[in-house]
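Contents: one structure, followed by commentary.
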Amino acid sequence: MRFWLPVIAIGAWTWFGHTAVSAYHLAKEGVVVPATVTDVERWGRTHTNKVQFTTADGRRIETSVAPQTCDLKEPGAQMQIRYVASDPYNAQDTCDQPRHDMSVGGALTGLVVTALSVQAWRLWLRHRRTGQLPPEYPM
């Protein structure tokens with residue numbers, strides 16, 4: 001277990017960094033444009049709107065937008081989305097702020113797993129130095 005906790009912590013911090021940077025770019029550099037819903041994808045309680053929009057430079061883009069706090073739109077409906085010009089396929093509904101929540105959740109998960117990882121290694125090292133580890137534990 002002590003070997004997996006650092007790997008999980010690194011994964012949580014990587015995910016946190018990616019979502020935080022993505023949320024920052026969408027908030028600061030995002031362009032708001034109208035989009036048309038072309039399809040609704042449903043998987044149990046999860047759903048996404050497949051939307052089509054035109055970027056500021058004239059490209060037609062079709063991508064999925066997962067409305068976390070917004071209402072699900074039906075095909076043909078109009079909605080406002082935000083995208084970054086360098087990555088137009090990474091779009092977000094303008095009424096939605098889930099990436100900020102995900103980045104905060106990733107940071108908290110990273111902090112908790114990092115603290116558990118450090119404590120597990122400290123306990124293992126302390127027991128190793130005092131010779132209190134059972135013989136089946138590898139040194």
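Chain lettering (A, B, ...) mirrors the order of the structure tokens, residue numbering begins at 1 for each chain separately, and ligand numbering begins at 1 in order of display.
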Contacts of A:Gly58 within 12 Å, only C-alpha atoms, excl. fewer than 2 positions in-chain, as a PyMOL selection string: chain A and resi 33+53-56+60-61+85+88
A:Ala77 surroundings by only C-alpha atoms, 12 Å radius, close-in-sequence under 2 positions cut, as a PyMOL selection string: chain A and resi 34-40+49-52+71-75+79-80
Expected answer as a VMD selection string: helix (DSSP H, G or I) residues in stretch 24-136 of chain A: chain A and resid 24 to 29 98 to 130
Between stretch 4-76 of chain A and stretch 119-134 of chain A, at 12 Å or less, what are the per-residue closest atom pairs and their distances in Å? Count only C-alpha atoms, order by chain and rising residue number, and return it as CSV.
residue,atom,partner,partner_atom,distance
A:Trp4,CA,A:Ala120,CA,10.5
A:Leu5,CA,A:Ala120,CA,8.4
A:Pro6,CA,A:Trp121,CA,9.5
Export, as a CSV table (one decimal), in the first residue's frame, the selected residues with N, CA, C and O atoms.
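To be explicit, this is the file written out as result_8.csv:
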chain,number,residue,atom,x,y,z
A,4,TRP,N,1.7,2.4,-3.5
A,4,TRP,CA,0.6,2.9,-4.3
A,4,TRP,C,0.2,4.3,-4.0
A,4,TRP,O,-0.3,5.1,-4.8
A,5,LEU,N,0.3,4.7,-2.7
A,5,LEU,CA,-0.2,6.0,-2.3
A,5,LEU,C,0.6,7.1,-3.0
A,5,LEU,O,-0.1,8.1,-3.5
A,6,PRO,N,1.9,7.1,-3.2
A,6,PRO,CA,2.6,8.2,-3.9
A,6,PRO,C,2.1,8.2,-5.4
A,6,PRO,O,2.0,9.3,-5.9
Selection: 6 Å around A:Tyr83, only C-alpha atoms, excl. self and same-chain fewer than 4 positions, as a list in words: Gly30, Val31, Pro88 and Ala91 of chain A
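Distances here use only C-alpha atoms; by that measure, the residue among A:Lys28, A:Trp15, A:Thr114, A:Phe3 closest to A:Arg82 is A:Lys28.
Nearest-residue note for A:His18: choosing from A:Arg42, A:Gly76, A:Val104, A:Ser86, the minimum distance belongs to A:Val104, counting only C-alpha atoms.
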